[in-house]
$ cat run13.pdb   # PDB, C-alpha atoms
MODEL        1
ATOM      1  CA  MET A   1       0.000   0.000   0.000
ATOM      2  CA  ALA A   2       1.201   3.509  -0.762
ATOM      3  CA  ILE A   3       2.273   5.557   2.219
ATOM      4  CA  GLN A   4      -0.353   8.237   1.583
ATOM      5  CA  TRP A   5      -3.149   5.819   2.463
ATOM      6  CA  TYR A   6      -1.761   5.500   5.965
ATOM      7  CA  LEU A   7      -1.511   9.284   6.230
ATOM      8  CA  VAL A   8      -5.157   9.664   5.167
ATOM      9  CA  VAL A   9      -6.225   7.164   7.843
ATOM     10  CA  SER A  10      -4.172   9.148  10.339
ATOM     11  CA  ALA A  11      -5.883  12.385   9.240
ATOM     12  CA  PHE A  12      -9.310  10.732   9.708
ATOM     13  CA  VAL A  13      -8.485   9.528  13.204
ATOM     14  CA  PHE A  14      -7.047  12.915  14.170
ATOM     15  CA  SER A  15     -10.153  14.785  13.001
ATOM     16  CA  ILE A  16     -12.467  12.361  14.789
ATOM     17  CA  GLY A  17     -10.456  12.861  17.975
ATOM     18  CA  ALA A  18     -10.593  16.654  17.596
ATOM     19  CA  ALA A  19     -14.365  16.498  17.102
ATOM     20  CA  GLY A  20     -14.646  14.376  20.248
ATOM     21  CA  VAL A  21     -12.613  16.817  22.340
ATOM     22  CA  LEU A  22     -14.909  19.627  21.198
ATOM     23  CA  THR A  23     -18.209  17.763  21.604
ATOM     24  CA  ARG A  24     -17.970  15.529  24.640
ATOM     25  CA  ARG A  25     -18.355  16.842  28.169
ATOM     26  CA  ASN A  26     -17.125  13.931  30.262
ATOM     27  CA  PRO A  27     -13.409  14.529  31.013
ATOM     28  CA  LEU A  28     -12.779  10.772  30.826
ATOM     29  CA  VAL A  29     -13.991  10.689  27.227
ATOM     30  CA  ILE A  30     -12.024  13.845  26.453
ATOM     31  CA  LEU A  31      -8.876  12.051  27.630
ATOM     32  CA  LEU A  32      -9.789   9.110  25.377
ATOM     33  CA  CYS A  33     -10.147  11.495  22.432
ATOM     34  CA  LEU A  34      -6.731  12.978  23.231
ATOM     35  CA  GLU A  35      -5.382   9.430  23.022
ATOM     36  CA  LEU A  36      -6.964   9.128  19.584
ATOM     37  CA  MET A  37      -5.189  12.284  18.405
ATOM     38  CA  LEU A  38      -1.829  11.138  19.797
ATOM     39  CA  ASN A  39      -2.263   7.778  18.110
ATOM     40  CA  ALA A  40      -3.013   9.453  14.796
ATOM     41  CA  GLY A  41       0.295  11.264  15.192
ATOM     42  CA  ASN A  42       2.004   7.955  15.949
ATOM     43  CA  LEU A  43       0.593   6.375  12.801
ATOM     44  CA  ALA A  44       1.888   9.267  10.689
ATOM     45  CA  LEU A  45       5.329   9.072  12.343
ATOM     46  CA  ILE A  46       5.607   5.353  11.680
ATOM     47  CA  ALA A  47       4.409   5.769   8.101
ATOM     48  CA  PHE A  48       7.147   8.355   7.504
ATOM     49  CA  SER A  49       9.662   6.074   9.214
ATOM     50  CA  ARG A  50       8.724   3.352   6.707
ATOM     51  CA  MET A  51       8.922   5.831   3.852
ATOM     52  CA  HIS A  52      12.498   6.791   4.679
ATOM     53  CA  GLY A  53      13.551   3.332   5.818
ATOM     54  CA  ASN A  54      14.870   4.955   8.962
ATOM     55  CA  GLY A  55      14.159   3.946  12.545
ATOM     56  CA  ASP A  56      13.995   7.468  13.966
ATOM     57  CA  GLY A  57      10.242   7.795  13.481
ATOM     58  CA  GLN A  58       9.650   4.672  15.545
ATOM     59  CA  ILE A  59      11.686   6.131  18.418
ATOM     60  CA  PHE A  60       9.524   9.266  18.159
ATOM     61  CA  ALA A  61       6.407   7.097  18.329
ATOM     62  CA  ILE A  62       7.679   5.315  21.435
ATOM     63  CA  ILE A  63       8.429   8.646  23.132
ATOM     64  CA  VAL A  64       4.916   9.848  22.207
ATOM     65  CA  MET A  65       3.533   6.706  23.865
ATOM     66  CA  VAL A  66       5.498   7.547  27.036
ATOM     67  CA  VAL A  67       4.122  11.093  27.041
ATOM     68  CA  ALA A  68       0.604   9.728  26.495
ATOM     69  CA  ALA A  69       1.013   7.369  29.456
ATOM     70  CA  CYS A  70       2.112  10.301  31.661
ATOM     71  CA  GLU A  71      -0.830  12.376  30.468
ATOM     72  CA  VAL A  72      -3.231   9.535  31.287
ATOM     73  CA  THR A  73      -1.771   9.064  34.770
ATOM     74  CA  VAL A  74      -2.041  12.736  35.697
ATOM     75  CA  GLY A  75      -5.418  13.192  33.989
ATOM     76  CA  LEU A  76      -6.972  10.216  35.727
ATOM     77  CA  GLY A  77      -5.473  11.448  39.015
ATOM     78  CA  VAL A  78      -7.219  14.783  38.490
ATOM     79  CA  ILE A  79     -10.515  13.007  37.710
ATOM     80  CA  VAL A  80     -10.240  10.876  40.868
ATOM     81  CA  ALA A  81      -9.481  14.023  42.890
ATOM     82  CA  MET A  82     -12.552  15.701  41.330
ATOM     83  CA  TYR A  83     -14.685  12.717  42.304
ATOM     84  CA  ARG A  84     -13.321  12.765  45.874
ATOM     85  CA  GLY A  85     -14.040  16.481  46.131
ATOM     86  CA  ARG A  86     -17.587  15.864  44.878
ATOM     87  CA  VAL A  87     -17.163  18.094  41.867
ATOM     88  CA  ALA A  88     -19.407  17.181  38.960
ATOM     89  CA  ILE A  89     -17.561  15.102  36.350
ATOM     90  CA  ASP A  90     -18.520  17.467  33.562
ATOM     91  CA  VAL A  91     -16.248  20.020  31.947
ATOM     92  CA  ASP A  92     -19.111  22.498  31.544
ATOM     93  CA  GLU A  93     -19.628  22.534  35.311
ATOM     94  CA  LEU A  94     -15.988  23.177  36.145
ATOM     95  CA  ARG A  95     -15.874  26.917  36.633
ATOM     96  CA  GLU A  96     -13.535  27.357  39.582
ATOM     97  CA  LEU A  97     -10.449  27.978  37.512
ATOM     98  CA  ARG A  98     -12.222  30.456  35.274
ATOM     99  CA  GLY A  99     -10.744  33.939  35.612
TER     100      GLY A  99
ATOM    101  CA  MET B   1      -3.067  -9.555   0.335
ATOM    102  CA  ALA B   2      -1.475  -6.595   2.055
ATOM    103  CA  GLU B   3      -4.221  -4.399   0.584
ATOM    104  CA  ALA B   4      -6.959  -6.525   2.149
ATOM    105  CA  PHE B   5      -5.244  -6.427   5.537
ATOM    106  CA  PHE B   6      -4.745  -2.685   5.234
ATOM    107  CA  PHE B   7      -8.410  -1.999   4.517
ATOM    108  CA  ILE B   8      -9.632  -4.281   7.313
ATOM    109  CA  ALA B   9      -7.276  -2.650   9.822
ATOM    110  CA  ALA B  10      -7.977   0.891   8.586
ATOM    111  CA  ILE B  11     -11.743   0.417   8.737
ATOM    112  CA  GLY B  12     -11.328  -1.079  12.213
ATOM    113  CA  ALA B  13      -9.239   1.880  13.365
ATOM    114  CA  ILE B  14     -11.673   4.478  12.023
ATOM    115  CA  ALA B  15     -14.713   2.586  13.336
ATOM    116  CA  GLY B  16     -13.075   2.325  16.770
ATOM    117  CA  ALA B  17     -12.355   6.065  16.744
ATOM    118  CA  ILE B  18     -15.964   6.862  15.794
ATOM    119  CA  GLY B  19     -17.116   4.516  18.566
ATOM    120  CA  VAL B  20     -15.030   6.391  21.150
ATOM    121  CA  VAL B  21     -16.707   9.663  20.205
ATOM    122  CA  MET B  22     -20.265   8.435  19.584
ATOM    123  CA  LEU B  23     -20.891   5.896  22.357
ATOM    124  CA  ARG B  24     -22.710   7.406  25.295
ATOM    125  CA  ASN B  25     -21.387   5.178  28.066
ATOM    126  CA  PRO B  26     -17.725   5.943  28.904
ATOM    127  CA  PHE B  27     -17.104   2.259  29.591
ATOM    128  CA  TYR B  28     -18.034   1.332  26.024
ATOM    129  CA  SER B  29     -15.886   4.230  24.808
ATOM    130  CA  VAL B  30     -12.885   2.650  26.528
ATOM    131  CA  LEU B  31     -13.655  -0.714  24.895
ATOM    132  CA  ALA B  32     -13.949   1.006  21.495
ATOM    133  CA  LEU B  33     -10.539   2.589  22.104
ATOM    134  CA  VAL B  34      -9.056  -0.853  22.836
ATOM    135  CA  PHE B  35     -10.424  -2.053  19.486
ATOM    136  CA  HIS B  36      -9.000   1.032  17.798
ATOM    137  CA  LEU B  37      -5.561   0.436  19.350
ATOM    138  CA  LEU B  38      -5.522  -3.215  18.244
ATOM    139  CA  SER B  39      -6.386  -2.214  14.662
ATOM    140  CA  LEU B  40      -3.687   0.431  14.791
ATOM    141  CA  ALA B  41      -1.176  -2.195  15.929
ATOM    142  CA  ALA B  42      -2.097  -4.202  12.810
ATOM    143  CA  LEU B  43      -1.364  -1.103  10.701
ATOM    144  CA  PHE B  44       2.009  -0.743  12.460
ATOM    145  CA  LEU B  45       2.792  -4.353  11.576
ATOM    146  CA  LEU B  46       1.984  -3.621   7.931
ATOM    147  CA  LEU B  47       4.447  -0.729   8.162
ATOM    148  CA  ARG B  48       7.113  -3.147   9.459
ATOM    149  CA  ALA B  49       7.253  -1.607  12.915
ATOM    150  CA  GLU B  50       7.150  -4.881  14.820
ATOM    151  CA  PHE B  51       8.455  -3.629  18.129
ATOM    152  CA  VAL B  52       6.156  -0.598  18.252
ATOM    153  CA  ALA B  53       3.173  -2.809  17.377
ATOM    154  CA  ALA B  54       4.003  -5.193  20.225
ATOM    155  CA  ALA B  55       4.493  -2.290  22.653
ATOM    156  CA  GLN B  56       1.185  -0.820  21.498
ATOM    157  CA  VAL B  57      -0.704  -4.036  22.254
ATOM    158  CA  VAL B  58       1.015  -4.875  25.543
ATOM    159  CA  ILE B  59       1.429  -1.423  27.098
ATOM    160  CA  TYR B  60      -1.291   0.688  25.505
ATOM    161  CA  ALA B  61      -4.154  -1.704  24.880
ATOM    162  CA  GLY B  62      -3.191  -3.683  27.962
ATOM    163  CA  ALA B  63      -1.869  -1.619  30.845
ATOM    164  CA  VAL B  64      -3.089   1.906  30.101
ATOM    165  CA  MET B  65      -6.589   0.759  29.195
ATOM    166  CA  VAL B  66      -6.833  -1.267  32.429
ATOM    167  CA  LEU B  67      -6.124   2.001  34.264
ATOM    168  CA  TYR B  68      -8.968   3.630  32.334
ATOM    169  CA  VAL B  69     -11.362   0.785  33.112
ATOM    170  CA  PHE B  70     -10.532   1.055  36.814
ATOM    171  CA  VAL B  71     -11.194   4.787  36.894
ATOM    172  CA  VAL B  72     -14.439   4.474  34.894
ATOM    173  CA  ALA B  73     -15.590   1.797  37.340
ATOM    174  CA  TYR B  74     -14.566   3.966  40.307
ATOM    175  CA  VAL B  75     -16.115   7.206  39.131
ATOM    176  CA  GLY B  76     -19.156   5.434  37.787
ATOM    177  CA  GLY B  77     -19.634   5.813  34.089
ATOM    178  CA  ALA B  78     -23.182   7.055  33.701
ATOM    179  CA  ASP B  79     -24.745   7.557  30.306
ATOM    180  CA  GLU B  80     -24.636  11.137  29.229
ATOM    181  CA  PRO B  81     -26.364  13.023  26.463
ATOM    182  CA  LEU B  82     -24.191  13.397  23.410
ATOM    183  CA  GLY B  83     -23.211  16.787  22.151
ATOM    184  CA  ALA B  84     -22.651  20.184  23.639
ATOM    185  CA  GLU B  85     -25.349  22.102  25.447
ATOM    186  CA  THR B  86     -25.345  25.150  23.250
ATOM    187  CA  PRO B  87     -26.674  24.495  19.746
ATOM    188  CA  ALA B  88     -24.026  26.740  18.193
ATOM    189  CA  LEU B  89     -21.217  24.568  19.532
ATOM    190  CA  ARG B  90     -23.079  21.390  18.541
ATOM    191  CA  ILE B  91     -23.037  22.494  14.909
ATOM    192  CA  ALA B  92     -19.648  24.167  15.027
ATOM    193  CA  SER B  93     -17.592  21.218  16.266
ATOM    194  CA  PRO B  94     -18.425  18.730  13.441
ATOM    195  CA  VAL B  95     -17.910  21.548  10.941
ATOM    196  CA  PHE B  96     -14.520  22.288  12.499
ATOM    197  CA  ALA B  97     -13.569  18.596  12.395
ATOM    198  CA  GLY B  98     -14.645  18.340   8.735
ATOM    199  CA  LEU B  99     -12.596  21.403   7.835
ATOM    200  CA  LEU B 100      -9.598  19.987   9.686
ATOM    201  CA  LEU B 101      -9.921  16.697   7.798
ATOM    202  CA  ALA B 102     -10.191  18.500   4.462
ATOM    203  CA  GLU B 103      -7.167  20.617   5.278
ATOM    204  CA  LEU B 104      -5.071  17.617   6.342
ATOM    205  CA  CYS B 105      -6.070  15.652   3.217
ATOM    206  CA  ILE B 106      -5.178  18.606   0.994
ATOM    207  CA  ALA B 107      -1.861  18.921   2.812
ATOM    208  CA  ILE B 108      -1.072  15.228   2.338
ATOM    209  CA  LEU B 109      -2.405  14.562  -1.144
ATOM    210  CA  GLY B 110      -1.588  17.975  -2.572
ATOM    211  CA  SER B 111       1.975  18.032  -1.334
ATOM    212  CA  GLY B 112       3.199  16.462  -4.557
ATOM    213  CA  LEU B 113       5.812  14.381  -2.770
ATOM    214  CA  LYS B 114       6.568  11.502  -5.114
ATOM    215  CA  ALA B 115       7.694   9.256  -2.266
ATOM    216  CA  LEU B 116       4.176   9.335  -0.794
ATOM    217  CA  ASP B 117       2.957   7.331  -3.785
ATOM    218  CA  GLY B 118       5.416   4.540  -3.286
ATOM    219  CA  GLU B 119       5.638   1.691  -0.848
ATOM    220  CA  GLY B 120       8.511   3.318   0.986
ATOM    221  CA  ALA B 121      12.173   2.501   1.165
ATOM    222  CA  PRO B 122      13.226  -1.050   0.345
ATOM    223  CA  TYR B 123      12.935  -3.346   3.335
ATOM    224  CA  VAL B 124      16.174  -4.148   5.103
ATOM    225  CA  THR B 125      16.317  -7.143   7.413
ATOM    226  CA  GLY B 126      16.170  -5.988  10.999
ATOM    227  CA  PHE B 127      14.203  -2.788  10.311
ATOM    228  CA  GLY B 128      11.910  -2.087  13.261
ATOM    229  CA  SER B 129      13.229  -5.004  15.269
ATOM    230  CA  PRO B 130      13.865  -4.660  19.028
ATOM    231  CA  GLY B 131      17.598  -4.752  18.299
ATOM    232  CA  GLN B 132      17.496  -1.714  16.046
ATOM    233  CA  ILE B 133      15.157   0.210  18.367
ATOM    234  CA  GLY B 134      17.331  -0.555  21.383
ATOM    235  CA  GLU B 135      20.485   0.466  19.595
ATOM    236  CA  LEU B 136      18.945   3.777  18.516
ATOM    237  CA  LEU B 137      17.547   4.442  22.009
ATOM    238  CA  LEU B 138      20.897   3.884  23.684
ATOM    239  CA  THR B 139      23.060   5.706  21.153
ATOM    240  CA  ARG B 140      21.475   8.509  19.135
ATOM    241  CA  PHE B 141      18.458   9.053  21.359
ATOM    242  CA  LEU B 142      20.017   8.533  24.768
ATOM    243  CA  LEU B 143      18.992  11.956  26.093
ATOM    244  CA  PRO B 144      15.292  11.641  25.104
ATOM    245  CA  PHE B 145      15.313   8.157  26.612
ATOM    246  CA  GLU B 146      16.581   9.444  29.975
ATOM    247  CA  VAL B 147      14.235  12.449  29.900
ATOM    248  CA  ALA B 148      11.314  10.087  29.209
ATOM    249  CA  SER B 149      12.184   7.979  32.253
ATOM    250  CA  PHE B 150      12.347  11.114  34.404
ATOM    251  CA  LEU B 151       8.996  12.256  32.966
ATOM    252  CA  LEU B 152       7.437   8.920  33.938
ATOM    253  CA  LEU B 153       8.770   9.325  37.491
ATOM    254  CA  VAL B 154       7.336  12.847  37.752
ATOM    255  CA  ALA B 155       3.957  11.657  36.417
ATOM    256  CA  ALA B 156       3.819   8.745  38.879
ATOM    257  CA  VAL B 157       4.613  11.005  41.849
ATOM    258  CA  GLY B 158       2.119  13.593  40.600
ATOM    259  CA  ALA B 159      -0.661  11.032  40.283
ATOM    260  CA  VAL B 160      -0.034   9.762  43.821
ATOM    261  CA  VAL B 161      -0.114  13.314  45.193
ATOM    262  CA  LEU B 162      -3.280  14.194  43.248
ATOM    263  CA  ALA B 163      -5.293  11.107  44.128
ATOM    264  CA  ARG B 164      -4.166  10.477  47.684
ATOM    265  CA  ARG B 165      -6.532  10.265  50.614
ATOM    266  CA  ARG B 166      -6.518  13.480  52.583
ATOM    267  CA  HIS B 167      -7.345  11.944  55.954
ATOM    268  CA  GLY B 168      -5.433   8.684  56.198
ATOM    269  CA  ILE B 169      -6.728   5.174  55.773
ATOM    270  CA  ASP B 170      -8.714   4.842  59.042
ATOM    271  CA  ALA B 171     -10.726   8.031  58.843
ATOM    272  CA  PRO B 172     -14.468   7.496  58.336
ATOM    273  CA  LEU B 173     -15.797   8.066  54.871
ATOM    274  CA  ASP B 174     -17.434  11.416  54.338
ATOM    275  CA  ARG B 175     -20.370   9.984  52.460
ATOM    276  CA  PRO B 176     -22.400   6.779  52.629
ATOM    277  CA  ARG B 177     -21.098   4.043  50.438
ATOM    278  CA  PRO B 178     -23.085   0.998  49.349
ATOM    279  CA  ALA B 179     -22.246  -2.213  51.160
ATOM    280  CA  ALA B 180     -19.989  -4.776  49.489
ATOM    281  CA  THR B 181     -18.016  -2.142  47.639
ATOM    282  CA  GLY B 182     -15.588  -2.302  50.490
ATOM    283  CA  THR B 183     -11.916  -1.925  51.010
ATOM    284  CA  MET B 184      -9.389  -4.423  52.292
ATOM    285  CA  ALA B 185      -9.626  -2.856  55.754
ATOM    286  CA  GLU B 186     -13.340  -3.721  55.780
ATOM    287  CA  SER B 187     -12.909  -7.296  54.693
ATOM    288  CA  VAL B 188     -10.537  -8.090  57.560
ATOM    289  CA  GLY B 189     -12.984  -6.481  59.975
ATOM    290  CA  ARG B 190     -10.986  -3.428  60.920
ATOM    291  CA  ARG B 191     -13.711  -1.052  59.927
ATOM    292  CA  GLY B 192     -17.441  -1.398  59.652
ATOM    293  CA  VAL B 193     -19.425  -0.300  56.648
TER     294      VAL B 193
ENDMDL
END
$ encode --input "run13.pdb" --output "structure tokens"
Amino acid sequence: MAIQWYLVVSAFVFSIGAAGVLTRRNPLVILLCLELMLNAGNLALIAFSRMHGNGDGQIFAIIVMVVAACEVTVGLGVIVAMYRGRVAIDVDELRELRG
Amino acid sequence: MAEAFFFIAAIGAIAGAIGVVMLRNPFYSVLALVFHLLSLAALFLLLRAEFVAAAQVVIYAGAVMVLYVFVVAYVGGADEPLGAETPALRIASPVFAGLLLAELCIAILGSGLKALDGEGAPYVTGFGSPGQIGELLLTRFLLPFEVASFLLLVAAVGAVVLARRRHGIDAPLDRPRPAATGTMAESVGRRGV
């Protein structure tokens, strides 16, 4: 398969993830949509790595996976803290940080 | 043959992504993401990135998603209405996503790069194998590797600080909790419900 097919799939997944971040209100689902966008980036990186026959893109993808794991850990920690503090799990209700 | 595998995996990946966004129950969203990640791992295999595909299945679809399932079960994933509250945003976000997709497709397909049409560089034995990845990580990319390990440490400490109990393990709960959802302290009889 030509490399551009993989890039088109990656563009689809990225746009779907962006739409999810904008539409959904549950922070858990927003984190899932962020994962989608990061994975779309990973797919593009690995496609380019294949295109150049060079392993650097795969290292980039692995580092992106590490960053995604950190983001999940901290994000889920924030959600658990919100639940403990009896804040509604809904990004439209979270107004305390608003200036 | 590769074409058939590509289309199956690509349709699986896109369907999983749509499922994450469209399913109302967060628990089903997590399961859709697992499906999406498995399809993506198949795409990685088609791109000859064996090690990244294995890491994707074991770490991402395995460990990280288990963390998600735990938190969804803890917080209680209730069904929620889809879409934003304000009608303007409800229309604007799909339009924005469609524009983004169009722009990305124009950027990819209109770039005129000849290499995008081809299958990529000729395959060399050992490309994408754990040996090559490990060699790159410990030679050219040593600094990012060390920074990533430090980042993981910071994230782990941060998560513990964020989600810790404020009052210690023996303090009474501040709200009633249904029976049989207990802790280990309860099951050994140290604390009543």
$ residues_around --input "run13.pdb" --residues "B:Ala53" --least-positions-apart "6" --cutoff "12 Å" --atoms "all atoms listed in the file" --output "MDAnalysis selection string"
(chainID A and resid 39 42:43 46 58 61:62 65) or (chainID B and resid 37:47 59:61 128:130)
$ resolve_selection --input "run13.pdb" --expression "the ChimeraX specification (/B :<7) & /A" --output "ChimeraX atom specification"
/A:1-4,8-9,11-13,15-16,18-20,22-24,29,36,47,50-53,55,58-59,62-63,66,69-70,73-74,76-78,80-81,83
$ atom_distance --input "run13.pdb" --atom1 "atom CA of A:Leu38" --atom2 "atom CA of B:Gly112"
25.4 Å
$ closest_residue --input "run13.pdb" --among "A:Leu7, A:Leu34, A:Leu45, A:Val21" --to "A:Val67" --atoms "all atoms listed in the file"
A:Leu34
$ atom_distance --input "run13.pdb" --atom1 "atom CA of B:Pro87" --atom2 "atom CA of A:Ala40"
28.5 Å
$ atom_distance --input "run13.pdb" --atom1 "atom CA of A:Tyr6" --atom2 "atom CA of A:Ala44"
7.1 Å
$ residues_around --input "run13.pdb" --residues "A:Arg25" --least-positions-apart "2" --cutoff "7 Å" --atoms "all atoms listed in the file" --output "PyMOL selection string"
chain A and resi 23+27+90-92
$ closest_residue --input "run13.pdb" --among "A:Glu93, A:Asp56, A:Gly75, A:Met82" --to "B:Thr139" --atoms "only C-alpha atoms"
A:Asp56
$ decode --input "run13.pdb" --residues "stretch 17-31 of chain A" --atoms "N, CA and C atoms" --output "compact mmCIF listing (two decimals), in the first residue's frame"
# COMPACT_ATOMS: atom_id res chain seq x y z
N GLY A 17 -10.85 12.55 16.61
CA GLY A 17 -10.46 12.86 17.97
C GLY A 17 -10.69 14.33 18.31
N ALA A 18 -10.38 15.23 17.35
CA ALA A 18 -10.59 16.65 17.60
C ALA A 18 -12.08 16.94 17.78
N ALA A 19 -12.93 16.30 16.95
CA ALA A 19 -14.36 16.50 17.10
C ALA A 19 -14.83 16.02 18.47
N GLY A 20 -14.25 14.90 18.94
CA GLY A 20 -14.65 14.38 20.25
C GLY A 20 -14.25 15.32 21.37
N VAL A 21 -13.04 15.89 21.29
CA VAL A 21 -12.61 16.82 22.34
C VAL A 21 -13.56 18.01 22.40
N LEU A 22 -14.04 18.46 21.20
CA LEU A 22 -14.91 19.63 21.20
C LEU A 22 -16.33 19.29 21.64
N THR A 23 -16.80 18.06 21.36
CA THR A 23 -18.21 17.76 21.60
C THR A 23 -18.47 17.18 22.98
N ARG A 24 -17.63 16.27 23.41
CA ARG A 24 -17.97 15.53 24.64
C ARG A 24 -17.74 16.39 25.86
N ARG A 25 -18.47 16.05 26.95
CA ARG A 25 -18.36 16.84 28.17
C ARG A 25 -17.77 16.06 29.32
N ASN A 26 -17.72 14.75 29.20
CA ASN A 26 -17.13 13.93 30.26
C ASN A 26 -15.60 13.98 30.12
N PRO A 27 -14.88 14.43 31.16
CA PRO A 27 -13.41 14.53 31.01
C PRO A 27 -12.74 13.19 30.72
N LEU A 28 -13.35 12.08 31.17
CA LEU A 28 -12.78 10.77 30.83
C LEU A 28 -12.77 10.56 29.32
N VAL A 29 -13.90 10.89 28.67
CA VAL A 29 -13.99 10.69 27.23
C VAL A 29 -13.09 11.68 26.50
N ILE A 30 -12.92 12.87 27.09
CA ILE A 30 -12.02 13.84 26.45
C ILE A 30 -10.60 13.31 26.47
N LEU A 31 -10.21 12.67 27.58
CA LEU A 31 -8.88 12.05 27.63
C LEU A 31 -8.75 10.95 26.57
